[in-house]
Amino acid sequence: MTAELLVGGCLELEAMAGQRTLRASEENLETLEKGLFQDEDSCYDCNYCDKPGTILQSFVPEGKTLFPEIFQTNQLLFYERFQAYQDYILADCKASEVREFTAEFLEKVLEPSGWRAVWHTNVFEVLVEVTDVDFSALKAVVKLAEPYICESEVSTFTLECMKELLDLKEYRLPLQELWVVFDDSGVFDQTALAIEHVRFFYQNIWRSWDEEEEDEYDYFVRCVEPRLRLHYDILEDRVPSGLIVDYHNLLSQCEENYRKFLNLRSSLSNCNSDSEQENITMVEGLKLYSEIEQLKQKLKLIENPLLRYVFGYQKNSSIQAKGTRPNGQKVTHVVSSTVRTGLLQSLLRDKLCKEEMEIQFHSDPLSAVNACYEGDTVIVCPGHYTVHGSFSIADSIELEGYGIPDDIVIEKRGKGDTFVDCTGADIKISSIKFIQHDAVEGILIIHHGKTTLDNCVLQCETTGVTIRTSAEFLMKDSDLYGAKGAGIEIYPGSQCSLIDNVIHHCKEGILIKDFLDEHYDIPKISMVNNMIHNNEGYGVVLVKPVIFSDLQKNTQDETEENEAMKLKTSVEADAAIRVDLEELIQCTTGKMELHVKADLSEQAEGNYEIASEIVAASTQKGQMRKKRLSELGITQADDNLMSQEMFVAIMGNQFKWNGKGSFGTFLF
């Protein structure tokens, strides 16, 4: 490093080195140079500030005994990479400026020559020596190191073959393919770390289509930060395994489509104007472009931590139902760690005396559920049961506790996506307390079919109950608390009835998802006499797209003939919707003379506000559908709210001490 470079980088070095004062001596400048990627605390903790030499560890690739040690740089923490990209490499650059900013950064910190590296590819590894660096191309000029060391899965890479290969590449190799050979002097620390940041960026952050994205926003904020957080969330088991698979599949599909799109665009430029082939290529290109944009939007939903939480993903459960036993017999499974005479007599008196039946005994509830067929019953006796797997219930069974929930505890230990997965047509769970630990997804997920939860306690750690599209859920007389996400997540097209429950101390009480897409229906919701209190955010939050406001703008440009099928934005239209809402609530609650008074209590006002927002969403969704049909020349005459087959019964709920209030909306 030249003295000019070190002086020019003083401001950056000072920011990374904390409150230390820069001195003019070469010794102190070198010390600060080594702190480019290290914060002050880590430097002091490792006692590297008081002695010269490297602050990085060495690494010997497994089975690569012929190669020298290399710098171990792939175990950097999130904040180390975050700080490097934000403060030193990318700053506030646009996507089109990424390569330029990266090159400028490398010019400041990279040793231009005199270091060795292992050229690593999927086929071979070879030791090279760097003689120069082409910063603008992000490539190093190399020559084969002496002695010649090469390891490969095939035996064809002789010295002559490698020279021919390098000659074809003009002895210029991408920096991200080079792993710097370890040197304990500390001279090449920054070189190794800088190349690691470039390698990580192009392997995990950069997308081939990024450069064509709009440059209006800061690239770091828009792309780098969310992708970096997702990468570390995956490493730290904070993302469901199914969502990880979905993300990688979407990414591969988007990259493949983008390659096809580039090829089509290239071939289009070689076609004769107005030729038939050009027209066909343009149609294919437009179709591919539309698919790419849809895939990119799905990727962004997963990359954004907030939207990832809001939308989750549609998990296709692979649980297969067993059906009825071949002999048609139904079995009662009794779960108890120990069976005493008194307990057995009580069971015979209360549960097992109705008719002749087959009884099987189990020591843990998981084995009992796994042994069930269609129509079986599992009776869990008092006790504290610890399970290390997940309950996957695909048949219509009853899982009931024999006693009160606090005496019948099922606690999950060990990492895993879910606690209880339900796909059966009619599942009933009662009088059990579930305690969740180390789960990525919720404590209970209903994929499809109907699940009834009665007199249960759910002590959550991530999300509470999730009701997927087309699923039906009834929860009554139950207590749910502790969810770091929403206590209950209600997906479009689902049915959810909540009666006499307590939902408290969650991030959000209830989260209702509305995608406003023709493929989804507004969820059918009934909330009666629930206590929703002490949640960090809202008691109930409705997620809806900004397309609502876009729709309202579009309605102003429509003709008078289509006014009945568009969103009504005038005062008269708002009044009409309120009247229809009152009629709907009157119908669903069985109170035909319901009137909304000005002096409503906080609880009643919260109930009305929730019902109003859901009905408004349903109204707008119906009008969107009619608008699409109208554009196709199809008309629908019925515009009555009551004809939308939406059931809403929201009454008697109490909302207290929720951080942001009883009800709110989240626009995306």
# chains A, B, ... in the order shown; residues from 1 in each chain; ligands from 1
call {"tool": "select_by_dssp", "arguments": {"residues": "segment 131-253 of chain A", "states": "alpha helix (DSSP H)", "output": "PyMOL selection string"}}
result
chain A and resi 159-168+189-200+219+225-235+241-253
call {"tool": "select_by_dssp", "arguments": {"residues": "segment 271-381 of chain A", "states": "strand (DSSP E)", "output": "JSON, numbers by chain"}}
result
{"A": [331, 332, 333, 334, 335, 358, 359, 360, 361, 362, 377, 378, 379, 380]}
call {"tool": "atom_distance", "arguments": {"atom1": "atom CA of Ser290 of chain A", "atom2": "atom CA of Phe261 of chain A"}}
result
10.5 Å
call {"tool": "residues_around", "arguments": {"residues": "Phe200 of chain A", "least_positions_apart": "3", "cutoff": "10 Å", "atoms": "only C-alpha atoms", "output": "PyMOL selection string"}}
result
chain A and resi 74+81+176+194-197+203-206+228
call {"tool": "write_last_selection", "arguments": {"atoms": "all heavy atoms", "output": "compact mmCIF listing (two decimals), in the first residue's frame"}}
result
# COMPACT_ATOMS: atom_id res chain seq x y z
N ASN A 74 -14.78 -17.07 5.12
CA ASN A 74 -16.19 -17.32 4.79
C ASN A 74 -17.08 -17.42 6.01
O ASN A 74 -18.24 -17.80 5.90
CB ASN A 74 -16.32 -18.59 3.95
CG ASN A 74 -15.78 -19.81 4.66
OD1 ASN A 74 -15.20 -19.70 5.74
ND2 ASN A 74 -15.94 -20.97 4.05
N ARG A 81 -20.37 -8.05 7.16
CA ARG A 81 -20.64 -7.90 5.73
C ARG A 81 -21.51 -6.67 5.48
O ARG A 81 -21.28 -5.92 4.52
CB ARG A 81 -21.35 -9.15 5.20
CG ARG A 81 -20.50 -10.42 5.26
CD ARG A 81 -21.14 -11.53 4.44
NE ARG A 81 -20.54 -12.82 4.68
CZ ARG A 81 -19.45 -13.27 4.10
NH1 ARG A 81 -18.82 -12.52 3.23
NH2 ARG A 81 -18.97 -14.47 4.39
N GLN A 176 -13.33 -13.50 -7.78
CA GLN A 176 -14.13 -14.33 -6.88
C GLN A 176 -13.80 -15.82 -6.95
O GLN A 176 -14.24 -16.60 -6.13
CB GLN A 176 -15.62 -14.12 -7.11
CG GLN A 176 -16.10 -14.40 -8.52
CD GLN A 176 -16.21 -13.14 -9.32
OE1 GLN A 176 -15.39 -12.24 -9.18
NE2 GLN A 176 -17.24 -13.05 -10.16
N ALA A 194 -11.24 -8.47 1.10
CA ALA A 194 -11.87 -7.77 -0.02
C ALA A 194 -12.37 -8.76 -1.06
O ALA A 194 -13.49 -8.64 -1.57
CB ALA A 194 -10.89 -6.79 -0.64
N ILE A 195 -11.56 -9.75 -1.39
CA ILE A 195 -11.97 -10.76 -2.37
C ILE A 195 -13.14 -11.58 -1.82
O ILE A 195 -14.05 -11.95 -2.56
CB ILE A 195 -10.78 -11.67 -2.74
CG1 ILE A 195 -9.74 -10.85 -3.52
CG2 ILE A 195 -11.23 -12.87 -3.54
CD1 ILE A 195 -8.49 -11.62 -3.86
N GLU A 196 -13.13 -11.84 -0.52
CA GLU A 196 -14.25 -12.57 0.08
C GLU A 196 -15.55 -11.79 -0.07
O GLU A 196 -16.59 -12.36 -0.41
CB GLU A 196 -13.97 -12.83 1.56
CG GLU A 196 -15.17 -13.31 2.36
CD GLU A 196 -15.73 -14.63 1.87
OE1 GLU A 196 -14.97 -15.44 1.31
OE2 GLU A 196 -16.94 -14.84 2.05
N HIS A 197 -15.51 -10.48 0.14
CA HIS A 197 -16.71 -9.67 0.00
C HIS A 197 -17.20 -9.65 -1.45
O HIS A 197 -18.41 -9.70 -1.70
CB HIS A 197 -16.46 -8.25 0.49
CG HIS A 197 -16.37 -8.13 1.98
ND1 HIS A 197 -17.38 -8.56 2.81
CD2 HIS A 197 -15.40 -7.62 2.79
CE1 HIS A 197 -17.04 -8.33 4.07
NE2 HIS A 197 -15.85 -7.76 4.08
N GLN A 203 -21.99 -14.26 -5.55
CA GLN A 203 -22.59 -15.58 -5.37
C GLN A 203 -23.97 -15.51 -4.72
O GLN A 203 -24.84 -16.32 -5.03
CB GLN A 203 -21.67 -16.47 -4.52
CG GLN A 203 -20.44 -16.96 -5.24
CD GLN A 203 -19.56 -17.83 -4.36
OE1 GLN A 203 -19.79 -17.95 -3.14
NE2 GLN A 203 -18.55 -18.44 -4.95
N ASN A 204 -24.20 -14.56 -3.81
CA ASN A 204 -25.41 -14.57 -3.00
C ASN A 204 -26.30 -13.33 -3.12
O ASN A 204 -27.48 -13.41 -2.76
CB ASN A 204 -25.02 -14.74 -1.52
CG ASN A 204 -24.27 -16.02 -1.26
OD1 ASN A 204 -24.84 -17.09 -1.25
ND2 ASN A 204 -22.96 -15.90 -1.04
N ILE A 205 -25.76 -12.22 -3.59
CA ILE A 205 -26.51 -10.97 -3.60
C ILE A 205 -26.89 -10.54 -5.01
O ILE A 205 -28.05 -10.25 -5.29
CB ILE A 205 -25.71 -9.84 -2.91
CG1 ILE A 205 -25.28 -10.26 -1.51
CG2 ILE A 205 -26.54 -8.57 -2.87
CD1 ILE A 205 -26.42 -10.52 -0.55
N TRP A 206 -25.93 -10.49 -5.88
CA TRP A 206 -26.15 -9.95 -7.22
C TRP A 206 -27.02 -10.88 -8.06
O TRP A 206 -26.90 -12.10 -8.01
CB TRP A 206 -24.80 -9.76 -7.91
CG TRP A 206 -24.90 -9.22 -9.31
CD1 TRP A 206 -24.72 -9.90 -10.49
CD2 TRP A 206 -25.19 -7.86 -9.70
NE1 TRP A 206 -24.89 -9.07 -11.56
CE2 TRP A 206 -25.17 -7.81 -11.11
CE3 TRP A 206 -25.46 -6.70 -8.99
CZ2 TRP A 206 -25.42 -6.64 -11.82
CZ3 TRP A 206 -25.70 -5.53 -9.69
CH2 TRP A 206 -25.68 -5.51 -11.09
N LEU A 228 -29.17 -9.96 1.97
CA LEU A 228 -28.19 -10.33 2.98
C LEU A 228 -28.87 -10.84 4.24
O LEU A 228 -28.45 -11.85 4.84
CB LEU A 228 -27.30 -9.12 3.30
CG LEU A 228 -26.14 -9.35 4.27
CD1 LEU A 228 -25.16 -10.38 3.71
CD2 LEU A 228 -25.42 -8.04 4.57
call {"tool": "residues_around", "arguments": {"residues": "Trp179 of chain A", "least_positions_apart": "6", "cutoff": "9 Å", "atoms": "only C-alpha atoms", "output": "VMD selection string"}}
result
chain A and resid 70 to 71 116 to 120 192 195 to 196
call {"tool": "atom_distance", "arguments": {"atom1": "atom CA of Gly652 of chain A", "atom2": "atom CA of Ile525 of chain A"}}
result
14.2 Å
call {"tool": "residues_around", "arguments": {"residues": "Glu236 of chain A", "least_positions_apart": "2", "cutoff": "12 Å", "atoms": "only C-alpha atoms", "output": "PyMOL selection string"}}
result
chain A and resi 77-78+229-234+238-241+415+438-440
call {"tool": "atom_distance", "arguments": {"atom1": "atom CA of Ala103 of chain A", "atom2": "atom CA of Asn122 of chain A"}}
result
25.6 Å
call {"tool": "closest_atom_pairs", "arguments": {"of": "segment 424-485 of chain A", "to": "segment 367-383 of chain A", "cutoff": "10 Å", "atoms": "only C-alpha atoms", "output": "CSV"}}
result
residue,atom,partner,partner_atom,distance
A:Gly424,CA,A:Glu374,CA,9.0
A:Ala425,CA,A:Glu374,CA,9.8
A:Asp426,CA,A:Gly375,CA,9.4
A:Ile427,CA,A:Gly375,CA,9.4
A:Lys428,CA,A:Thr377,CA,9.4
A:Ile429,CA,A:Val378,CA,9.5
A:Ser430,CA,A:Ile379,CA,9.8
A:Ser431,CA,A:Val380,CA,9.2
A:Ile432,CA,A:Val380,CA,8.2
call {"tool": "closest_residue", "arguments": {"among": "A:Ile244, A:Cys161, A:Val334, A:Leu56", "to": "His362 of chain A", "atoms": "only C-alpha atoms"}}
result
A:Val334
call {"tool": "residues_around", "arguments": {"residues": "Met651 of chain A", "least_positions_apart": "4", "cutoff": "7 Å", "atoms": "only C-alpha atoms", "output": "PDB file with C-alpha atoms, in the first residue's frame"}}
result
ATOM      1  CA  MET A 527     -65.455 -13.316  15.909  1.00  0.00           C
ATOM      2  CA  VAL A 528     -67.740 -13.439  18.924  1.00  0.00           C
ATOM      3  CA  ASN A 529     -66.972 -12.565  22.559  1.00  0.00           C
ATOM      4  CA  ASN A 607     -66.071  -4.591  16.260  1.00  0.00           C
TER       5      ASN A 607
END
call {"tool": "residues_around", "arguments": {"residues": "Asn534 of chain A", "least_positions_apart": "3", "cutoff": "9 Å", "atoms": "only C-alpha atoms", "output": "list in words"}}
result
Ile503, His504, His505, Cys506, Gly509, Gly537, Gly539, Phe655, Lys656, Trp657, Asn658 and Gly659 of chain A
